[in-house]
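See below for start05.txt, which holds compact mmCIF, C-alpha atoms.
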```txt
# COMPACT_ATOMS: atom_id res chain seq x y z
CA MET A 1 0.00 0.00 0.00
CA PRO A 2 1.41 3.43 -0.90
CA ARG A 3 2.46 6.03 1.68
CA LEU A 4 1.18 9.55 1.16
CA VAL A 5 3.89 12.23 1.07
CA LEU A 6 3.26 15.98 1.14
CA ALA A 7 6.00 18.02 -0.58
CA SER A 8 5.27 21.18 1.40
CA ALA A 9 6.22 22.85 4.67
CA SER A 10 2.79 24.50 4.95
CA PRO A 11 1.14 23.77 8.32
CA ALA A 12 -2.20 24.82 6.81
CA ARG A 13 -1.99 22.16 4.09
CA LEU A 14 -1.01 19.55 6.64
CA ALA A 15 -3.93 20.55 8.86
CA VAL A 16 -6.37 20.22 5.96
CA LEU A 17 -5.16 16.69 5.24
CA HIS A 18 -5.29 15.71 8.91
CA ALA A 19 -8.87 16.99 9.15
CA ALA A 20 -9.69 15.04 5.98
CA GLY A 21 -8.57 11.78 7.57
CA VAL A 22 -4.99 11.21 6.41
CA LYS A 23 -1.64 11.78 8.03
CA PRO A 24 1.03 12.18 5.35
CA LEU A 25 4.76 12.15 5.67
CA VAL A 26 6.17 15.64 5.08
CA GLN A 27 9.22 16.21 2.91
CA VAL A 28 9.85 19.85 2.06
CA SER A 29 10.85 20.69 -1.52
CA GLU A 30 13.59 23.22 -2.27
CA VAL A 31 12.47 24.55 -5.65
CA ASP A 32 13.62 28.04 -6.63
CA GLU A 33 10.20 29.39 -7.53
CA ASP A 34 11.41 32.66 -9.04
CA ALA A 35 13.90 30.86 -11.28
CA LEU A 36 11.28 28.40 -12.47
CA ILE A 37 8.76 31.15 -13.22
CA ALA A 38 11.44 33.03 -15.16
CA SER A 39 12.24 29.90 -17.18
CA LEU A 40 8.60 29.53 -18.18
CA GLY A 41 8.56 32.95 -19.80
CA PRO A 42 6.35 36.03 -19.41
CA GLY A 43 3.59 34.76 -21.70
CA THR A 44 2.92 31.57 -19.75
CA PRO A 45 -0.75 31.32 -18.68
CA PRO A 46 -1.16 31.78 -14.90
CA ALA A 47 -2.83 28.37 -14.51
CA GLN A 48 0.18 26.71 -16.14
CA VAL A 49 2.57 28.58 -13.84
CA VAL A 50 1.02 27.23 -10.63
CA THR A 51 0.66 23.75 -12.12
CA GLU A 52 4.30 23.59 -13.21
CA LEU A 53 5.45 24.87 -9.82
CA ALA A 54 3.45 22.11 -8.13
CA ARG A 55 4.93 19.51 -10.50
CA ALA A 56 8.46 20.77 -9.83
CA LYS A 57 7.96 20.61 -6.07
CA ALA A 58 6.65 17.03 -6.20
CA THR A 59 9.53 15.96 -8.46
CA ASP A 60 12.15 17.74 -6.35
CA ILE A 61 11.73 15.44 -3.34
CA LEU A 62 11.98 12.15 -5.27
CA PRO A 63 15.76 11.72 -4.70
CA VAL A 64 15.22 12.07 -0.95
CA LEU A 65 12.47 9.46 -0.96
CA ARG A 66 14.75 7.09 -2.86
CA GLU A 67 17.52 7.65 -0.31
CA GLN A 68 15.00 6.84 2.42
CA LYS A 69 14.07 3.66 0.49
CA LEU A 70 10.43 4.69 0.36
CA ARG A 71 9.62 2.58 -2.69
CA ASP A 72 5.83 2.76 -2.65
CA ALA A 73 4.46 6.28 -2.28
CA VAL A 74 2.10 8.92 -3.60
CA VAL A 75 3.61 12.42 -3.64
CA ILE A 76 1.51 15.60 -3.65
CA GLY A 77 3.06 18.88 -4.81
CA CYS A 78 1.23 22.18 -4.28
CA ASP A 79 1.44 25.81 -5.27
CA SER A 80 -0.94 28.74 -4.81
CA MET A 81 -0.89 32.29 -6.17
CA LEU A 82 -3.43 35.10 -6.31
CA LEU A 83 -4.37 36.41 -9.75
CA ILE A 84 -5.48 40.04 -9.65
CA ASP A 85 -5.32 42.67 -12.39
CA GLY A 86 -3.93 40.00 -14.70
CA ALA A 87 -0.81 39.46 -12.58
CA LEU A 88 0.11 36.58 -10.29
CA GLN A 89 0.87 37.50 -6.70
CA GLY A 90 2.94 35.11 -4.62
CA LYS A 91 4.31 35.64 -1.13
CA PRO A 92 5.07 39.34 -0.54
CA GLY A 93 8.04 38.65 1.74
CA THR A 94 8.19 42.13 3.27
CA VAL A 95 5.85 44.36 5.25
CA GLU A 96 6.06 47.05 2.59
CA ALA A 97 5.10 44.68 -0.21
CA ALA A 98 2.23 43.20 1.82
CA ARG A 99 0.93 46.68 2.66
CA GLU A 100 0.91 47.66 -1.02
CA ARG A 101 -0.84 44.41 -1.94
CA TRP A 102 -3.61 45.04 0.55
CA ARG A 103 -4.04 48.65 -0.51
CA ALA A 104 -4.47 47.42 -4.09
CA MET A 105 -6.87 44.55 -3.40
CA ALA A 106 -8.99 45.84 -0.47
CA GLY A 107 -12.65 45.94 -1.45
CA ARG A 108 -11.96 44.00 -4.64
CA SER A 109 -11.88 40.39 -5.83
CA GLY A 110 -9.09 38.13 -7.05
CA GLU A 111 -8.79 34.52 -8.17
CA LEU A 112 -6.76 32.20 -5.99
CA LEU A 113 -5.13 29.70 -8.35
CA THR A 114 -3.98 26.43 -6.81
CA GLY A 115 -1.84 23.96 -8.74
CA HIS A 116 -1.45 20.34 -7.68
CA ALA A 117 0.67 17.49 -8.99
CA VAL A 118 0.39 13.88 -7.88
CA LEU A 119 3.18 11.37 -8.58
CA ARG A 120 2.83 7.62 -8.05
CA LEU A 121 6.18 6.17 -7.03
CA ARG A 122 6.77 2.41 -7.10
CA ASP A 123 10.13 0.63 -6.88
CA ASP A 124 12.02 3.93 -7.24
CA GLU A 125 10.21 4.82 -10.46
CA VAL A 126 7.40 7.24 -11.24
CA VAL A 127 4.78 4.97 -12.78
CA ALA A 128 1.96 7.52 -13.08
CA GLU A 129 1.42 11.24 -12.67
CA ALA A 130 -1.38 13.77 -12.91
CA ALA A 131 -1.43 17.54 -12.56
CA ASP A 132 -4.00 20.33 -12.84
CA HIS A 133 -5.19 23.53 -11.18
CA SER A 134 -8.32 24.99 -9.66
CA GLY A 135 -9.47 28.58 -9.28
CA THR A 136 -11.50 30.14 -6.48
CA VAL A 137 -12.70 33.75 -6.48
CA VAL A 138 -11.97 35.59 -3.22
CA HIS A 139 -13.85 38.77 -2.29
CA PHE A 140 -11.81 41.00 0.02
CA GLY A 141 -13.11 43.40 2.64
CA ILE A 142 -11.57 46.75 3.48
CA PRO A 143 -9.53 46.69 6.70
CA THR A 144 -9.10 49.97 8.54
CA ASP A 145 -5.61 51.41 8.69
CA GLU A 146 -5.33 50.22 12.28
CA GLU A 147 -6.46 46.70 11.37
CA LEU A 148 -4.11 46.49 8.41
CA GLU A 149 -1.09 47.59 10.42
CA ALA A 150 -1.96 45.11 13.17
CA TYR A 151 -2.30 42.37 10.57
CA LEU A 152 1.05 43.26 9.07
CA ASP A 153 2.61 43.27 12.53
CA SER A 154 1.39 39.69 13.03
CA GLY A 155 3.74 38.59 10.25
CA GLU A 156 1.14 36.27 8.78
CA PRO A 157 0.63 37.92 5.38
CA LEU A 158 4.34 38.08 4.56
CA GLY A 159 4.76 34.36 3.89
CA VAL A 160 1.49 33.36 2.26
CA ALA A 161 0.27 33.60 -1.33
CA GLY A 162 -1.58 36.83 -2.02
CA ALA A 163 -0.72 38.22 1.45
CA PHE A 164 -3.81 36.70 3.08
CA THR A 165 -5.17 33.56 4.70
CA LEU A 166 -8.69 32.23 4.97
CA ASP A 167 -8.05 30.08 8.05
CA GLY A 168 -6.01 32.58 10.08
CA HIS A 169 -5.95 36.26 10.94
CA GLY A 170 -6.69 37.15 7.33
CA GLY A 171 -10.09 35.48 7.51
CA TRP A 172 -11.44 38.63 9.17
CA PHE A 173 -10.95 40.47 5.88
CA VAL A 174 -12.41 37.91 3.45
CA GLU A 175 -16.02 38.79 2.65
CA GLY A 176 -16.71 35.60 0.74
CA ILE A 177 -15.45 33.08 -1.79
CA GLU A 178 -16.77 31.38 -4.90
CA GLY A 179 -15.31 27.90 -5.18
CA ASP A 180 -13.44 25.41 -3.03
CA PRO A 181 -12.47 26.74 0.43
CA SER A 182 -9.81 24.06 0.95
CA SER A 183 -7.95 25.29 -2.14
CA VAL A 184 -7.79 28.79 -0.63
CA ILE A 185 -6.21 27.31 2.48
CA GLY A 186 -3.63 25.66 0.25
CA ILE A 187 -4.66 22.16 -0.83
CA GLY A 188 -7.83 21.62 -2.83
CA LEU A 189 -9.33 18.33 -1.69
CA PRO A 190 -11.73 17.89 -4.66
CA LEU A 191 -8.90 18.44 -7.14
CA VAL A 192 -6.47 16.19 -5.28
CA ARG A 193 -9.12 13.46 -5.09
CA ARG A 194 -9.52 13.58 -8.88
CA LEU A 195 -5.77 13.54 -9.47
CA LEU A 196 -5.34 10.62 -7.09
CA ALA A 197 -7.98 8.70 -9.04
CA GLU A 198 -6.03 9.38 -12.24
CA VAL A 199 -3.00 7.59 -10.77
CA GLY A 200 -5.11 4.73 -9.45
CA ILE A 201 -5.50 5.71 -5.80
CA SER A 202 -8.85 6.16 -4.05
CA VAL A 203 -9.51 8.24 -0.96
CA ALA A 204 -10.81 5.12 0.79
CA ARG A 205 -7.44 3.46 0.18
CA LEU A 206 -5.64 6.45 1.65
CA TRP A 207 -7.86 6.40 4.71
CA ALA A 208 -7.03 2.73 5.25
CA GLU A 209 -3.26 3.15 4.88
CA ASN A 210 -2.55 6.71 6.01
CA ALA A 211 -5.22 7.23 8.61
CA ALA A 212 -4.85 10.08 11.08
CA ILE A 213 -8.09 8.84 12.66
CA PRO A 214 -9.68 5.36 12.55
CA VAL A 215 -11.66 4.61 9.40
CA GLU A 216 -14.64 3.57 11.51
CA ALA A 217 -14.69 7.04 13.05
CA LEU A 218 -14.90 8.55 9.58
CA GLU A 219 -18.01 6.47 8.91
CA ASN A 220 -19.93 7.86 11.90
```
What would you get if you wrote out this structure as structure tokens?
Amino acid sequence: MPRLVLASASPARLAVLHAAGVKPLVQVSEVDEDALIASLGPGTPPAQVVTELARAKATDILPVLREQKLRDAVVIGCDSMLLIDGALQGKPGTVEAARERWRAMAGRSGELLTGHAVLRLRDDEVVAEAADHSGTVVHFGIPTDEELEAYLDSGEPLGVAGAFTLDGHGGWFVEGIEGDPSSVIGIGLPLVRRLLAEVGISVARLWAENAAIPVEALEN
């Protein structure tokens, strides 16, 4: 039976999977996102950018899994970016950048694009793979100056795509969404379920092998 591996350091993604009944191994990828985006070229469609980033992150950890002799595994790679005004917005990194992002998007809407790639590893070889993206529209509120500065001081928006979260402090400033809430948090369960099916893995099989909680508890 395959072991589920999450190629991400995101605690939010891990929490979503735990709540959904699986407890993956975590192996953090070390992809240079800026370099990869540059290699794709300026005309690359935004959906392709997040999908290729997810694929690169899943592929990046394969040598480590082979060193660990994990011969039967399913690897999930993830990437999320906010599309607003035709431009992709990743992690702002600095308070100044996050402040400018919020001033530009407050009271407006953007599309959170989430790319996922699933690799089926057996006997040190990738025997199947599937990748795609999903999009969820996010409607932002207008924080007061005091609220925005307090949010920036929390540090949360600096290291997350689009400078906001749905499941943290940023949730106070999200008026609504159109689409999959789990994808806004970082890992879209409906999309991952479909990709898993494409590589021959069912959610029921994951529950049985990678359970964070007993399968019988999931049935109640």
Quick one: contact table of region 139-193 of chain A to region 130-134 of chain A, 10 Å max, nearest atom pair and distance in Å to one decimal per residue, counting all atoms listed in the file, chain and number order, as JSON lines?
```
{"residue": "A:Gly179", "atom": "CA", "partner": "A:Ser134", "partner_atom": "CA", "distance": 8.8}
{"residue": "A:Asp180", "atom": "CA", "partner": "A:Ser134", "partner_atom": "CA", "distance": 8.4}
{"residue": "A:Ser183", "atom": "CA", "partner": "A:Ser134", "partner_atom": "CA", "distance": 7.5}
{"residue": "A:Val184", "atom": "CA", "partner": "A:Ser134", "partner_atom": "CA", "distance": 9.8}
{"residue": "A:Ile187", "atom": "CA", "partner": "A:Ser134", "partner_atom": "CA", "distance": 10.0}
{"residue": "A:Gly188", "atom": "CA", "partner": "A:Ser134", "partner_atom": "CA", "distance": 7.6}
{"residue": "A:Pro190", "atom": "CA", "partner": "A:Ser134", "partner_atom": "CA", "distance": 9.3}
{"residue": "A:Leu191", "atom": "CA", "partner": "A:Ser134", "partner_atom": "CA", "distance": 7.0}
{"residue": "A:Val192", "atom": "CA", "partner": "A:Ala131", "partner_atom": "CA", "distance": 9.0}
```
Atomic distance CA of Ala163 (chain A) - CA of Gly93 (chain A), expressed in Å with one decimal: 8.8 Å
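You can rank A:Lys91, A:Arg103, A:Arg66, A:Arg71 by their closest distance to Arg122 (chain A) using all atoms listed in the file, and at the top of that list sits A:Arg71.
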Separation of CA of Asp32 (chain A) from CA of Arg193 (chain A), in Å and rounded to one decimal: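 That distance, rounded to one decimal, is 27.1 Å.
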Selected residue of minimal separation from Arg108 (chain A) among A:Gly77, A:Pro63, A:Gly170, A:Gly176, counting only C-alpha atoms: A:Gly176
Nearest to Glu209 (chain A) by atom-to-atom distance, counting all atoms listed in the file, from A:Ala104, A:Ala73, A:Ile142, A:Met81: A:Ala73
Of the listed residues A:Ala35, A:Pro143, A:Leu196, A:Val28, that which approaches Glu129 (chain A) most closely, counting all atoms listed in the file: A:Leu196
Protein/DNA/RNA residues near (-9.2, 13.0, 4.4), cut 9 Å, only C-alpha atoms, as a list in words: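 Every residue inside that radius is included here: Val16, Leu17, His18, Ala19, Ala20, Gly21, Val22, Lys23, Leu189, Val203, Ala204, Leu206, Trp207, Ala211, Ala212 and Leu218 of chain A.
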Prev. selection, C-alpha atoms, output as a CSV table (one decimal), in the frame of the given file:
```
chain,number,residue,atom,x,y,z
A,16,VAL,CA,-6.4,20.2,6.0
A,17,LEU,CA,-5.2,16.7,5.2
A,18,HIS,CA,-5.3,15.7,8.9
A,19,ALA,CA,-8.9,17.0,9.2
A,20,ALA,CA,-9.7,15.0,6.0
A,21,GLY,CA,-8.6,11.8,7.6
A,22,VAL,CA,-5.0,11.2,6.4
A,23,LYS,CA,-1.6,11.8,8.0
A,189,LEU,CA,-9.3,18.3,-1.7
A,203,VAL,CA,-9.5,8.2,-1.0
A,204,ALA,CA,-10.8,5.1,0.8
A,206,LEU,CA,-5.6,6.4,1.6
A,207,TRP,CA,-7.9,6.4,4.7
A,211,ALA,CA,-5.2,7.2,8.6
A,212,ALA,CA,-4.8,10.1,11.1
A,218,LEU,CA,-14.9,8.6,9.6
```
Leu112 (chain A) surroundings by all atoms listed in the file, 6 Å radius, close-in-sequence under 5 positions cut, as a ChimeraX atom specification: /A:81-82,135-136
Residues at most 9 Å from region 36-46 of chain A, counting all atoms listed in the file, excluding those fewer than 3 positions away in the same chain, as an mmCIF file with C-alpha atoms, in the frame of the given file?
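Here's the written file result35.cif:
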```cif
data_model
loop_
_atom_site.group_PDB
_atom_site.id
_atom_site.type_symbol
_atom_site.label_atom_id
_atom_site.label_comp_id
_atom_site.auth_asym_id
_atom_site.auth_seq_id
_atom_site.Cartn_x
_atom_site.Cartn_y
_atom_site.Cartn_z
ATOM 1 C CA VAL A 31 12.470 24.550 -5.650
ATOM 2 C CA ASP A 32 13.620 28.040 -6.630
ATOM 3 C CA GLU A 33 10.200 29.390 -7.530
ATOM 4 C CA VAL A 49 2.570 28.580 -13.840
ATOM 5 C CA VAL A 50 1.020 27.230 -10.630
ATOM 6 C CA THR A 51 0.660 23.750 -12.120
ATOM 7 C CA GLU A 52 4.300 23.590 -13.210
ATOM 8 C CA LEU A 53 5.450 24.870 -9.820
ATOM 9 C CA ALA A 56 8.460 20.770 -9.830
ATOM 10 C CA MET A 81 -0.890 32.290 -6.170
ATOM 11 C CA LEU A 83 -4.370 36.410 -9.750
ATOM 12 C CA GLY A 86 -3.930 40.000 -14.700
ATOM 13 C CA ALA A 87 -0.810 39.460 -12.580
ATOM 14 C CA LEU A 88 0.110 36.580 -10.290
ATOM 15 C CA LEU A 113 -5.130 29.700 -8.350
#
```
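Picture a line from CA of Thr59 (chain A) to CA of Asp124 (chain A); it runs 12.3 Å.
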Contact residues around Arg3 (chain A) with all atoms listed in the file at 9 Å, ignoring same-chain residues under 5 positions, as a VMD selection string: chain A and resid 24 to 25 70 72 to 75 206 209 to 210
9 Å contact set for Met105 (chain A), all atoms listed in the file, chain neighbours under 2 positions out, as a ChimeraX atom specification: /A:84,100-103,107-110,140-142
How would the residues just picked look written out with C-alpha atoms as a tab-separated table (two decimals), in the coordinates of the input?
```
chain	number	residue	atom	x	y	z
A	84	ILE	CA	-5.48	40.04	-9.65
A	100	GLU	CA	0.91	47.66	-1.02
A	101	ARG	CA	-0.84	44.41	-1.94
A	102	TRP	CA	-3.61	45.04	0.55
A	103	ARG	CA	-4.04	48.65	-0.51
A	107	GLY	CA	-12.65	45.94	-1.45
A	108	ARG	CA	-11.96	44.00	-4.64
A	109	SER	CA	-11.88	40.39	-5.83
A	110	GLY	CA	-9.09	38.13	-7.05
A	140	PHE	CA	-11.81	41.00	0.02
A	141	GLY	CA	-13.11	43.40	2.64
A	142	ILE	CA	-11.57	46.75	3.48
```
My structure is short of atoms at region 60-81 of chain A; please model N, CA and C atoms there, returning them as a short mmCIF file (atom, residue, chain, number, x, y, z; two decimals), keeping the file's coordinate frame.
```cif
data_model
loop_
_atom_site.label_atom_id
_atom_site.label_comp_id
_atom_site.auth_asym_id
_atom_site.auth_seq_id
_atom_site.Cartn_x
_atom_site.Cartn_y
_atom_site.Cartn_z
N ASP A 60 10.93 17.36 -7.06
CA ASP A 60 12.15 17.74 -6.35
C ASP A 60 12.47 16.81 -5.19
N ILE A 61 11.47 16.25 -4.54
CA ILE A 61 11.73 15.44 -3.34
C ILE A 61 11.97 13.96 -3.67
N LEU A 62 11.83 13.56 -4.93
CA LEU A 62 11.98 12.15 -5.27
C LEU A 62 13.34 11.57 -4.89
N PRO A 63 14.47 12.29 -5.12
CA PRO A 63 15.76 11.72 -4.70
C PRO A 63 15.83 11.44 -3.20
N VAL A 64 15.21 12.29 -2.40
CA VAL A 64 15.22 12.07 -0.95
C VAL A 64 14.42 10.82 -0.59
N LEU A 65 13.27 10.65 -1.23
CA LEU A 65 12.47 9.46 -0.96
C LEU A 65 13.21 8.19 -1.35
N ARG A 66 13.97 8.26 -2.44
CA ARG A 66 14.75 7.09 -2.86
C ARG A 66 15.86 6.79 -1.86
N GLU A 67 16.49 7.84 -1.33
CA GLU A 67 17.52 7.65 -0.31
C GLU A 67 16.92 7.02 0.95
N GLN A 68 15.68 7.39 1.24
CA GLN A 68 15.00 6.84 2.42
C GLN A 68 14.41 5.47 2.15
N LYS A 69 14.58 4.98 0.91
CA LYS A 69 14.07 3.66 0.49
C LYS A 69 12.55 3.56 0.64
N LEU A 70 11.89 4.68 0.39
CA LEU A 70 10.43 4.69 0.36
C LEU A 70 10.01 4.35 -1.06
N ARG A 71 9.79 3.07 -1.32
CA ARG A 71 9.62 2.58 -2.69
C ARG A 71 8.19 2.61 -3.17
N ASP A 72 7.25 2.78 -2.27
CA ASP A 72 5.83 2.76 -2.65
C ASP A 72 5.17 3.99 -2.03
N ALA A 73 4.94 5.02 -2.84
CA ALA A 73 4.46 6.28 -2.28
C ALA A 73 3.62 7.04 -3.31
N VAL A 74 2.84 7.96 -2.78
CA VAL A 74 2.10 8.92 -3.60
C VAL A 74 2.51 10.30 -3.11
N VAL A 75 3.09 11.11 -4.00
CA VAL A 75 3.61 12.42 -3.64
C VAL A 75 2.65 13.50 -4.14
N ILE A 76 2.35 14.47 -3.27
CA ILE A 76 1.51 15.60 -3.65
C ILE A 76 2.35 16.87 -3.61
N GLY A 77 2.42 17.57 -4.73
CA GLY A 77 3.06 18.88 -4.81
C GLY A 77 2.00 19.96 -4.93
N CYS A 78 2.24 21.12 -4.34
CA CYS A 78 1.23 22.18 -4.28
C CYS A 78 1.85 23.55 -4.56
N ASP A 79 1.05 24.41 -5.16
CA ASP A 79 1.44 25.81 -5.27
C ASP A 79 0.19 26.66 -5.39
N SER A 80 0.20 27.82 -4.75
CA SER A 80 -0.94 28.74 -4.81
C SER A 80 -0.45 30.16 -5.07
N MET A 81 -1.18 30.89 -5.92
CA MET A 81 -0.89 32.29 -6.17
C MET A 81 -2.20 33.02 -6.44
#
```
